[in-house]
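Containing mmCIF, C-alpha atoms: run.cif.
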data_query
#
loop_
_atom_site.group_PDB
_atom_site.id
_atom_site.type_symbol
_atom_site.label_atom_id
_atom_site.label_comp_id
_atom_site.auth_asym_id
_atom_site.auth_seq_id
_atom_site.Cartn_x
_atom_site.Cartn_y
_atom_site.Cartn_z
ATOM 1 C CA MET A 916 -16.022 -283.272 92.278
ATOM 2 C CA PHE A 917 -15.256 -282.017 88.803
ATOM 3 C CA GLU A 918 -17.893 -279.330 89.212
ATOM 4 C CA ALA A 919 -16.379 -278.159 92.503
ATOM 5 C CA VAL A 920 -12.854 -277.977 91.077
ATOM 6 C CA ALA A 921 -14.074 -276.098 87.999
ATOM 7 C CA PHE A 922 -16.141 -273.710 90.110
ATOM 8 C CA TYR A 923 -13.304 -272.799 92.468
ATOM 9 C CA LEU A 924 -10.764 -272.492 89.664
ATOM 10 C CA PHE A 925 -12.925 -270.188 87.572
ATOM 11 C CA ALA A 926 -14.100 -268.247 90.620
ATOM 12 C CA PHE A 927 -10.493 -267.520 91.554
ATOM 13 C CA LEU A 928 -9.577 -266.575 87.987
ATOM 14 C CA THR A 929 -12.615 -264.323 87.531
ATOM 15 C CA ILE A 930 -12.069 -262.499 90.807
ATOM 16 C CA ALA A 931 -8.377 -262.029 90.018
ATOM 17 C CA MET A 932 -9.128 -260.664 86.533
ATOM 18 C CA PHE A 933 -11.804 -258.242 87.741
ATOM 19 C CA TYR A 934 -9.566 -257.140 90.580
ATOM 20 C CA ILE A 935 -6.953 -256.235 87.981
ATOM 21 C CA VAL A 936 -9.601 -254.313 86.022
ATOM 22 C CA VAL A 937 -10.471 -252.031 88.930
ATOM 23 C CA THR A 938 -6.952 -251.547 90.283
ATOM 24 C CA THR A 939 -4.568 -251.253 87.345
ATOM 25 C CA SER A 940 -3.451 -247.851 86.147
ATOM 26 C CA GLN A 941 -3.042 -248.899 82.507
ATOM 27 C CA ALA A 942 -6.238 -248.809 80.441
ATOM 28 C CA LEU A 943 -4.920 -251.492 78.072
ATOM 29 C CA TYR A 944 -4.311 -253.934 80.936
ATOM 30 C CA ALA A 945 -7.819 -253.261 82.197
ATOM 31 C CA LEU A 946 -9.296 -254.011 78.761
ATOM 32 C CA THR A 947 -7.369 -257.264 78.413
ATOM 33 C CA ALA A 948 -8.209 -258.427 81.926
ATOM 34 C CA LEU A 949 -11.881 -257.596 81.373
ATOM 35 C CA ALA A 950 -11.956 -259.667 78.174
ATOM 36 C CA ALA A 951 -10.366 -262.610 80.012
ATOM 37 C CA GLY A 952 -12.838 -262.244 82.868
ATOM 38 C CA MET A 953 -15.773 -262.359 80.432
ATOM 39 C CA ILE A 954 -14.491 -265.644 78.987
ATOM 40 C CA PHE A 955 -14.107 -267.103 82.487
ATOM 41 C CA ILE A 956 -17.659 -266.052 83.351
ATOM 42 C CA SER A 957 -18.982 -267.952 80.351
ATOM 43 C CA ALA A 958 -17.411 -271.055 81.969
ATOM 44 C CA PHE A 959 -19.883 -270.668 84.859
ATOM 45 C CA PHE A 960 -22.752 -270.646 82.388
ATOM 46 C CA PHE A 961 -21.512 -273.867 80.829
ATOM 47 C CA ILE A 962 -21.151 -275.467 84.282
ATOM 48 C CA LEU A 963 -24.733 -274.403 85.076
ATOM 49 C CA GLY A 964 -26.055 -276.029 81.915
ATOM 50 C CA ALA A 965 -26.945 -272.725 80.239
ATOM 51 C CA ASP A 966 -25.088 -273.523 77.020
ATOM 52 C CA PHE A 967 -26.771 -270.921 74.861
ATOM 53 C CA LEU A 968 -26.177 -268.175 77.413
ATOM 54 C CA GLY A 969 -22.495 -269.110 77.584
ATOM 55 C CA ALA A 970 -22.152 -268.915 73.815
ATOM 56 C CA VAL A 971 -23.958 -265.569 73.754
ATOM 57 C CA GLN A 972 -21.682 -264.318 76.533
ATOM 58 C CA ILE A 973 -18.573 -265.146 74.516
ATOM 59 C CA ILE A 974 -19.934 -263.785 71.239
ATOM 60 C CA VAL A 975 -21.492 -260.573 72.543
ATOM 61 C CA TYR A 976 -19.123 -259.608 75.347
ATOM 62 C CA THR A 977 -15.704 -260.770 74.215
ATOM 63 C CA GLY A 978 -16.611 -260.434 70.554
ATOM 64 C CA ALA A 979 -18.690 -257.303 70.183
ATOM 65 C CA VAL A 980 -18.367 -255.263 73.378
ATOM 66 C CA MET A 981 -14.629 -255.731 73.807
ATOM 67 C CA ALA A 982 -13.993 -254.978 70.130
ATOM 68 C CA LEU A 983 -16.093 -251.826 70.508
ATOM 69 C CA TYR A 984 -14.045 -250.778 73.546
ATOM 70 C CA ALA A 985 -10.828 -251.536 71.694
ATOM 71 C CA PHE A 986 -11.907 -249.321 68.794
ATOM 72 C CA GLY A 987 -13.104 -246.658 71.197
ATOM 73 C CA MET A 988 -9.747 -246.624 72.926
ATOM 74 C CA MET A 989 -8.104 -245.616 69.656
ATOM 75 C CA PHE A 990 -9.859 -242.254 69.975
ATOM 76 C CA PHE A 991 -8.556 -241.620 73.470
ATOM 77 C CA ASP A 992 -5.099 -241.124 74.852
ATOM 78 C CA THR A 993 -4.775 -244.392 76.758
ATOM 79 C CA THR A 994 -1.019 -244.626 77.078
ATOM 80 C CA ARG A 995 -0.754 -242.193 79.944
ATOM 81 C CA GLU A 996 -1.411 -243.346 83.483
ATOM 82 C CA VAL A 997 -4.914 -243.024 84.825
ATOM 83 C CA LYS A 998 -5.351 -240.650 87.733
ATOM 84 C CA GLU A 999 -7.381 -241.981 90.618
ATOM 85 C CA LYS A 1000 -10.025 -240.314 92.676
ATOM 86 C CA GLN A 1001 -8.739 -239.488 96.143
ATOM 87 C CA GLY A 1002 -11.900 -240.130 98.091
ATOM 88 C CA ASN A 1003 -12.515 -241.058 101.663
ATOM 89 C CA LYS A 1004 -11.485 -244.709 102.025
ATOM 90 C CA TYR A 1005 -13.903 -245.413 104.853
ATOM 91 C CA ILE A 1006 -16.892 -244.214 102.848
ATOM 92 C CA ILE A 1007 -15.890 -246.417 99.906
ATOM 93 C CA VAL A 1008 -15.395 -249.526 102.034
ATOM 94 C CA GLY A 1009 -18.585 -248.887 103.991
ATOM 95 C CA LEU A 1010 -20.730 -248.351 100.910
ATOM 96 C CA SER A 1011 -19.322 -251.445 99.201
ATOM 97 C CA THR A 1012 -20.006 -253.621 102.223
ATOM 98 C CA LEU A 1013 -23.503 -252.206 102.550
ATOM 99 C CA ALA A 1014 -24.279 -252.854 98.897
ATOM 100 C CA ALA A 1015 -22.898 -256.397 99.071
ATOM 101 C CA VAL A 1016 -25.018 -257.200 102.132
ATOM 102 C CA LEU A 1017 -28.023 -255.683 100.375
ATOM 103 C CA THR A 1018 -27.493 -257.935 97.368
ATOM 104 C CA VAL A 1019 -27.332 -261.034 99.565
ATOM 105 C CA VAL A 1020 -30.535 -259.978 101.327
ATOM 106 C CA ILE A 1021 -32.303 -259.387 98.026
ATOM 107 C CA PHE A 1022 -31.387 -262.844 96.786
ATOM 108 C CA ALA A 1023 -31.910 -264.613 100.115
ATOM 109 C CA ALA A 1024 -35.327 -263.147 100.928
ATOM 110 C CA PRO A 1025 -37.382 -265.253 98.468
ATOM 111 C CA MET A 1026 -35.335 -268.328 99.346
ATOM 112 C CA VAL A 1027 -36.009 -267.970 103.044
ATOM 113 C CA SER A 1028 -39.713 -267.702 102.443
ATOM 114 C CA GLU A 1029 -39.593 -270.523 99.848
ATOM 115 C CA ASN A 1030 -41.861 -268.589 97.552
ATOM 116 C CA ILE A 1031 -40.119 -269.329 94.275
ATOM 117 C CA VAL A 1032 -42.021 -271.708 91.995
ATOM 118 C CA ALA A 1033 -40.749 -272.677 88.566
ATOM 119 C CA LEU A 1034 -42.993 -270.906 86.059
ATOM 120 C CA TYR A 1035 -41.354 -272.458 83.012
ATOM 121 C CA PRO A 1036 -39.866 -275.757 84.138
ATOM 122 C CA ALA A 1037 -37.468 -277.439 81.742
ATOM 123 C CA LEU A 1038 -39.025 -280.261 79.735
ATOM 124 C CA ASP A 1039 -37.514 -283.720 79.606
ATOM 125 C CA GLY A 1040 -35.473 -284.584 76.548
ATOM 126 C CA VAL A 1041 -35.262 -280.978 75.364
ATOM 127 C CA GLY A 1042 -31.873 -279.322 75.127
ATOM 128 C CA ASN A 1043 -31.078 -275.972 76.652
ATOM 129 C CA THR A 1044 -30.930 -274.107 73.351
ATOM 130 C CA GLN A 1045 -34.264 -275.533 72.206
ATOM 131 C CA MET A 1046 -35.871 -274.726 75.543
ATOM 132 C CA VAL A 1047 -34.564 -271.156 75.396
ATOM 133 C CA GLY A 1048 -36.097 -270.805 71.964
ATOM 134 C CA LEU A 1049 -39.425 -272.162 73.168
ATOM 135 C CA VAL A 1050 -39.654 -269.768 76.095
ATOM 136 C CA LEU A 1051 -38.174 -266.760 74.289
ATOM 137 C CA PHE A 1052 -40.607 -266.932 71.365
ATOM 138 C CA THR A 1053 -43.725 -267.615 73.396
ATOM 139 C CA LYS A 1054 -43.709 -265.908 76.777
ATOM 140 C CA TYR A 1055 -40.951 -263.345 76.177
ATOM 141 C CA LEU A 1056 -41.721 -262.462 72.566
ATOM 142 C CA ILE A 1057 -42.636 -258.818 73.210
ATOM 143 C CA PRO A 1058 -39.615 -258.064 75.435
ATOM 144 C CA PHE A 1059 -37.513 -259.736 72.755
ATOM 145 C CA GLU A 1060 -38.879 -257.443 70.043
ATOM 146 C CA VAL A 1061 -38.516 -254.389 72.286
ATOM 147 C CA ALA A 1062 -34.889 -255.364 72.911
ATOM 148 C CA ALA A 1063 -34.407 -255.632 69.142
ATOM 149 C CA ILE A 1064 -35.784 -252.110 68.631
ATOM 150 C CA MET A 1065 -33.588 -250.843 71.453
ATOM 151 C CA LEU A 1066 -30.505 -252.347 69.811
ATOM 152 C CA LEU A 1067 -31.488 -250.709 66.517
ATOM 153 C CA VAL A 1068 -31.855 -247.324 68.234
ATOM 154 C CA ALA A 1069 -28.486 -247.815 69.931
ATOM 155 C CA MET A 1070 -26.873 -248.672 66.594
ATOM 156 C CA VAL A 1071 -28.268 -245.520 64.953
ATOM 157 C CA ALA A 1072 -27.160 -243.433 67.943
ATOM 158 C CA GLY A 1073 -23.675 -244.918 67.813
ATOM 159 C CA ILE A 1074 -23.358 -244.182 64.099
ATOM 160 C CA VAL A 1075 -24.606 -240.602 64.496
ATOM 161 C CA LEU A 1076 -22.384 -239.855 67.503
ATOM 162 C CA ALA A 1077 -19.170 -241.516 66.334
ATOM 163 C CA GLY A 1078 -19.723 -241.234 62.598
ATOM 164 C CA LYS A 1079 -17.053 -240.602 60.005
ATOM 165 C CA LYS A 1080 -17.656 -236.863 59.610
ATOM 166 C CA MET A 1081 -17.027 -236.119 63.252
ATOM 167 C CA ASP A 1082 -15.349 -232.801 62.477
ATOM 168 C CA ILE A 1083 -18.698 -231.475 61.194
ATOM 169 C CA SER A 1084 -20.773 -233.501 63.615
ATOM 170 C CA LEU A 1085 -24.407 -232.479 63.919
ATOM 171 C CA THR A 1086 -24.148 -232.655 67.677
ATOM 172 C CA LEU A 1087 -21.560 -229.863 67.738
ATOM 173 C CA MET A 1088 -23.071 -227.501 65.133
ATOM 174 C CA SER A 1089 -25.521 -224.697 65.578
ATOM 175 C CA SER A 1090 -28.761 -224.844 63.626
ATOM 176 C CA ASN A 1091 -27.570 -222.175 61.147
ATOM 177 C CA GLU A 1092 -24.477 -224.183 60.299
ATOM 178 C CA ILE A 1093 -26.603 -227.255 59.754
ATOM 179 C CA LYS A 1094 -28.816 -225.327 57.308
ATOM 180 C CA GLU A 1095 -25.748 -224.114 55.410
ATOM 181 C CA LYS A 1096 -24.493 -227.666 55.155
ATOM 182 C CA GLU A 1097 -27.852 -228.808 53.845
ATOM 183 C CA GLU A 1098 -27.807 -226.176 51.124
ATOM 184 C CA GLU A 1099 -24.263 -227.150 50.168
ATOM 185 C CA ASN A 1100 -25.356 -230.753 49.871
ATOM 186 C CA LYS A 1101 -28.314 -229.733 47.675
ATOM 187 C CA LYS A 1102 -25.968 -227.844 45.352
ATOM 188 C CA VAL A 1103 -23.675 -230.862 45.105
ATOM 189 C CA LEU A 1104 -26.572 -233.179 44.396
ATOM 190 C CA SER A 1105 -28.290 -231.027 41.750
ATOM 191 C CA MET B 1445 -17.928 -280.440 98.241
ATOM 192 C CA GLU B 1446 -21.262 -280.088 96.473
ATOM 193 C CA ILE B 1447 -21.593 -276.696 94.837
ATOM 194 C CA GLY B 1448 -24.914 -275.162 95.746
ATOM 195 C CA LEU B 1449 -26.792 -272.022 94.891
ATOM 196 C CA ASN B 1450 -25.195 -270.139 97.769
ATOM 197 C CA HIS B 1451 -21.723 -270.622 96.319
ATOM 198 C CA TYR B 1452 -22.786 -268.856 93.154
ATOM 199 C CA LEU B 1453 -24.596 -266.098 95.024
ATOM 200 C CA VAL B 1454 -21.532 -265.422 97.168
ATOM 201 C CA LEU B 1455 -19.329 -265.325 94.068
ATOM 202 C CA SER B 1456 -21.772 -262.969 92.389
ATOM 203 C CA THR B 1457 -21.769 -260.724 95.447
ATOM 204 C CA ILE B 1458 -17.969 -260.630 95.567
ATOM 205 C CA LEU B 1459 -17.818 -259.632 91.904
ATOM 206 C CA PHE B 1460 -20.536 -257.027 92.472
ATOM 207 C CA ALA B 1461 -18.513 -255.537 95.336
ATOM 208 C CA ILE B 1462 -15.404 -255.416 93.133
ATOM 209 C CA GLY B 1463 -17.409 -253.607 90.465
ATOM 210 C CA LEU B 1464 -18.767 -251.143 93.014
ATOM 211 C CA VAL B 1465 -15.273 -250.370 94.270
ATOM 212 C CA GLY B 1466 -14.279 -249.752 90.660
ATOM 213 C CA VAL B 1467 -17.218 -247.418 90.087
ATOM 214 C CA MET B 1468 -16.332 -245.438 93.182
ATOM 215 C CA ARG B 1469 -12.583 -245.073 92.734
ATOM 216 C CA ARG B 1470 -12.278 -244.630 88.972
ATOM 217 C CA LYS B 1471 -11.995 -241.157 87.517
ATOM 218 C CA ASN B 1472 -11.489 -242.086 83.890
ATOM 219 C CA LEU B 1473 -14.865 -242.610 82.223
ATOM 220 C CA LEU B 1474 -13.674 -245.508 80.056
ATOM 221 C CA LEU B 1475 -12.564 -247.448 83.119
ATOM 222 C CA LEU B 1476 -15.838 -246.490 84.800
ATOM 223 C CA PHE B 1477 -17.614 -248.259 81.940
ATOM 224 C CA PHE B 1478 -15.464 -251.338 82.545
ATOM 225 C CA ALA B 1479 -16.609 -251.358 86.159
ATOM 226 C CA THR B 1480 -20.271 -251.209 85.102
ATOM 227 C CA GLU B 1481 -19.668 -254.212 82.846
ATOM 228 C CA ILE B 1482 -18.410 -256.090 85.908
ATOM 229 C CA LEU B 1483 -21.605 -255.190 87.771
ATOM 230 C CA LEU B 1484 -23.829 -256.455 84.950
ATOM 231 C CA ASN B 1485 -21.837 -259.671 84.609
ATOM 232 C CA SER B 1486 -22.004 -260.473 88.308
ATOM 233 C CA VAL B 1487 -25.787 -260.141 88.195
ATOM 234 C CA ASN B 1488 -25.870 -262.424 85.154
ATOM 235 C CA ILE B 1489 -24.084 -265.157 87.113
ATOM 236 C CA ALA B 1490 -26.700 -264.921 89.850
ATOM 237 C CA PHE B 1491 -29.531 -265.114 87.291
ATOM 238 C CA ALA B 1492 -28.066 -268.185 85.596
ATOM 239 C CA ALA B 1493 -27.428 -269.938 88.925
ATOM 240 C CA ILE B 1494 -30.959 -269.330 90.192
ATOM 241 C CA SER B 1495 -32.325 -270.449 86.839
ATOM 242 C CA HIS B 1496 -30.355 -273.699 87.113
ATOM 243 C CA TYR B 1497 -31.116 -274.561 90.730
ATOM 244 C CA TYR B 1498 -34.841 -273.841 90.451
ATOM 245 C CA GLY B 1499 -35.236 -275.503 87.076
ATOM 246 C CA ASP B 1500 -36.761 -272.336 85.658
ATOM 247 C CA LEU B 1501 -35.689 -270.564 82.496
ATOM 248 C CA THR B 1502 -36.827 -267.068 83.484
ATOM 249 C CA GLY B 1503 -33.420 -266.255 84.963
ATOM 250 C CA GLN B 1504 -31.670 -267.051 81.706
ATOM 251 C CA MET B 1505 -34.154 -264.903 79.786
ATOM 252 C CA PHE B 1506 -33.389 -261.932 82.012
ATOM 253 C CA ALA B 1507 -29.680 -262.589 81.577
ATOM 254 C CA PHE B 1508 -30.186 -262.315 77.802
ATOM 255 C CA PHE B 1509 -31.955 -259.002 78.167
ATOM 256 C CA VAL B 1510 -29.219 -257.739 80.483
ATOM 257 C CA ILE B 1511 -26.647 -258.636 77.819
ATOM 258 C CA ALA B 1512 -28.689 -256.795 75.153
ATOM 259 C CA ILE B 1513 -28.942 -253.709 77.372
ATOM 260 C CA ALA B 1514 -25.201 -253.820 78.107
ATOM 261 C CA ALA B 1515 -24.399 -253.964 74.398
ATOM 262 C CA SER B 1516 -26.583 -250.970 73.541
ATOM 263 C CA GLU B 1517 -25.286 -249.058 76.555
ATOM 264 C CA VAL B 1518 -21.723 -249.519 75.333
ATOM 265 C CA ALA B 1519 -22.604 -248.361 71.812
ATOM 266 C CA VAL B 1520 -24.322 -245.150 72.934
ATOM 267 C CA GLY B 1521 -21.909 -244.490 75.811
ATOM 268 C CA LEU B 1522 -18.810 -244.800 73.670
ATOM 269 C CA GLY B 1523 -20.356 -242.503 71.057
ATOM 270 C CA LEU B 1524 -21.002 -239.878 73.713
ATOM 271 C CA LEU B 1525 -17.480 -240.327 75.093
ATOM 272 C CA ILE B 1526 -15.997 -239.748 71.642
ATOM 273 C CA VAL B 1527 -18.031 -236.551 71.222
ATOM 274 C CA TRP B 1528 -16.889 -235.368 74.658
ATOM 275 C CA HIS B 1529 -13.260 -236.195 73.913
ATOM 276 C CA LYS B 1530 -13.413 -234.241 70.637
ATOM 277 C CA ARG B 1531 -14.760 -231.238 72.511
ATOM 278 C CA ARG B 1532 -12.664 -231.189 75.668
ATOM 279 C CA GLY B 1533 -9.704 -233.464 74.959
ATOM 280 C CA THR B 1534 -10.227 -235.391 78.172
ATOM 281 C CA ILE B 1535 -12.585 -238.051 79.488
ATOM 282 C CA ASP B 1536 -11.974 -237.461 83.160
ATOM 283 C CA LEU B 1537 -15.037 -237.276 85.331
ATOM 284 C CA ASP B 1538 -13.869 -233.986 86.877
ATOM 285 C CA SER B 1539 -14.108 -232.196 83.526
ATOM 286 C CA MET B 1540 -17.868 -232.737 83.519
ATOM 287 C CA SER B 1541 -18.824 -230.101 86.038
ATOM 288 C CA SER B 1542 -20.318 -227.495 83.713
ATOM 289 C CA MET B 1543 -23.774 -227.907 85.264
ATOM 290 C CA ARG B 1544 -22.503 -227.266 88.786
ATOM 291 C CA GLY B 1545 -24.446 -224.394 90.290
#

Final C-alpha cells representation of the file:
Amino acid sequence: MFEAVAFYLFAFLTIAMFYIVVTTSQALYALTALAAGMIFISAFFFILGADFLGAVQIIVYTGAVMALYAFGMMFFDTTREVKEKQGNKYIIVGLSTLAAVLTVVIFAAPMVSENIVALYPALDGVGNTQMVGLVLFTKYLIPFEVAAIMLLVAMVAGIVLAGKKMDISLTLMSSNEIKEKEEENKKVLS
Amino acid sequence: MEIGLNHYLVLSTILFAIGLVGVMRRKNLLLLFFATEILLNSVNIAFAAISHYYGDLTGQMFAFFVIAIAASEVAVGLGLLIVWHKRRGTIDLDSMSSMRG
C-alpha cells in the first residue's frame, strides 16, 4: 500500500515537473523544475531498492549537472522569453506517439518471450551498495574504466572550451595567431 | 494495488514522450539539452525497474553508465554552447544553418 501511494505521488510530481520543463517559456523555471524532477526520480530508485543509484542520481544530477547548467546559464541571456518552433502539430504528435509505442514494444518483447534470465542475481544478506560494488568491479570493470577515461576527456574538453581566457580561445584563433601567442608566452617565461 | 513492472514501464514511456515533445518543439539549445536529460532519466527508471523485478543488477550498471555519459555530455555540450554564444550572440537552433547547401 505504501509503495503504491509513493509510486503514484512521485509519478504525478515527476510528470508535472517535466511537463513544466518542456512547456515553460522561462529558462530559469525550466532549470528549477528539472532539478526538482531529478530529485523525484531518485525517489523511484529508493522505492525499487536501488539505494546507491538513488544517491548517485541526487549527487550527479541535482548536484553536478544542475550546477553546471546554472553556471552555463550565466553566459547566456536567459531573461528574455524563449521563442518556440512553429512546426506542424500533427507531425509532432504522431512522431511522439510512434516513439512511445516503439519503446513499449522494445521493453515488452523480451518479457513476452520470457527470455530474460538473471545473470547476476542478488545474493542473500548483501546490501545493494555492496552488491553494486561486487558486480561493478568484477564483470563491469573495463566499462567502468572506459567511463572514467571518458569523463576525464570530457573534463579536459570542458576546460578548453569554456576556459578563463575565452577572448583568446584557441578554438577561435587562426594558426598564425596561435604561433604569435606561443612566442609571446616564451618571451614572458624567459 | 500492487505496483508491478508495467507501472514503471508506462511511467518511463510517458516521461520519454514528454522529453521527445520537448526535443521537437524547443528552439533554444539550452532547453533542448534539458529535454535530452529527461529522455536519459526516463530510460534510467526503466533500467532500475527491470533490474529490481528480475533480481538482476545489470540494469543498475547500465543506469550508472548512462549517468556518466549524461554528465560528460553536459560538460562538452555546454562548452560548445559557450563558444557558439561568444561567436554569434545567440543559441537558437536556427542560427546554426551555415552548412546548409

Task: All residues 9 Å or closer to range 920-929 of chain A, only C-alpha atoms, same chain fewer than 5 positions away omitted, as a list in words - done: Tyr934, Ala951, Gly952, Met953, Ile954, Phe955, Ile956, Ala958, Phe959 and Ile962 of chain A; Ile1447, His1451, Tyr1452, Leu1455 and Leu1459 of chain B

Open item on the list: Give me, as a PyMOL selection string, all polymer residues having an atom no more than 6 Å from range 1521-1533 of chain B, counting all atoms listed in the file and skipping those fewer than 2 positions away in the same chain.
Closed with: (chain A and resi 1073+1076-1077) or (chain B and resi 1517-1519+1535)

Task: Counting only C-alpha atoms, the option among A:Phe991, A:Phe1022, A:Tyr1005, A:Tyr976 closest to Asn1472 in chain B - done: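 Among the listed residues, A:Phe991 lies closest to Asn1472 in chain B.
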
TODO: On this file, the PyMOL selection byres ((chain B and resi 1484) around 10) gives some set of residues; write that set as a PyMOL selection string.
DONE: chain B and resi 1459-1460+1463+1479-1483+1485-1489+1507+1510-1511+1513-1514

Limited to C-alpha atoms, could you put the picked residues into a file as an mmCIF file, in the frame of the given file?
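Output file out_18.cif is given in full below:
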data_model
loop_
_atom_site.group_PDB
_atom_site.id
_atom_site.type_symbol
_atom_site.label_atom_id
_atom_site.label_comp_id
_atom_site.auth_asym_id
_atom_site.auth_seq_id
_atom_site.Cartn_x
_atom_site.Cartn_y
_atom_site.Cartn_z
ATOM 1 C CA LEU B 1459 -17.818 -259.632 91.904
ATOM 2 C CA PHE B 1460 -20.536 -257.027 92.472
ATOM 3 C CA GLY B 1463 -17.409 -253.607 90.465
ATOM 4 C CA ALA B 1479 -16.609 -251.358 86.159
ATOM 5 C CA THR B 1480 -20.271 -251.209 85.102
ATOM 6 C CA GLU B 1481 -19.668 -254.212 82.846
ATOM 7 C CA ILE B 1482 -18.410 -256.090 85.908
ATOM 8 C CA LEU B 1483 -21.605 -255.190 87.771
ATOM 9 C CA ASN B 1485 -21.837 -259.671 84.609
ATOM 10 C CA SER B 1486 -22.004 -260.473 88.308
ATOM 11 C CA VAL B 1487 -25.787 -260.141 88.195
ATOM 12 C CA ASN B 1488 -25.870 -262.424 85.154
ATOM 13 C CA ILE B 1489 -24.084 -265.157 87.113
ATOM 14 C CA ALA B 1507 -29.680 -262.589 81.577
ATOM 15 C CA VAL B 1510 -29.219 -257.739 80.483
ATOM 16 C CA ILE B 1511 -26.647 -258.636 77.819
ATOM 17 C CA ILE B 1513 -28.942 -253.709 77.372
ATOM 18 C CA ALA B 1514 -25.201 -253.820 78.107
#

TODO: Could you please determine the separation between CA of Val1465 in chain B and CA of Leu946 in chain A in Å, to one decimal place?
DONE: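 Distance reported for this atom pair: 17.0 Å.
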
Task: CA of Ala942 in chain A to CA of Met1468 in chain B, straight-line distance in Å - done: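 Interatomic distance here is 16.6 Å.
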
- [ ] Between B:Asn1450, B:Ser1495, B:Ser1516, B:Ser1456, single out the one closest to chain A, counting only C-alpha atoms.
- [x]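 With only C-alpha atoms as the atom set, the closest residue is B:Ser1516.
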
Open item on the list: Since I can't run it myself right now, could you work out what the PyMOL selection byres ((chain A and resi 1048) around 12) selects here and report it as a list in words?
Closed with: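 Answer for the PyMOL selection byres ((chain A and resi 1048) around 12): Phe967, Leu968, Ala1037, Val1041, Gly1042, Asn1043, Thr1044, Gln1045, Met1046, Val1047, Leu1049, Val1050, Leu1051, Phe1052, Thr1053, Lys1054, Tyr1055, Leu1056 and Phe1059 of chain A; Leu1501, Gln1504, Met1505 and Phe1508 of chain B.
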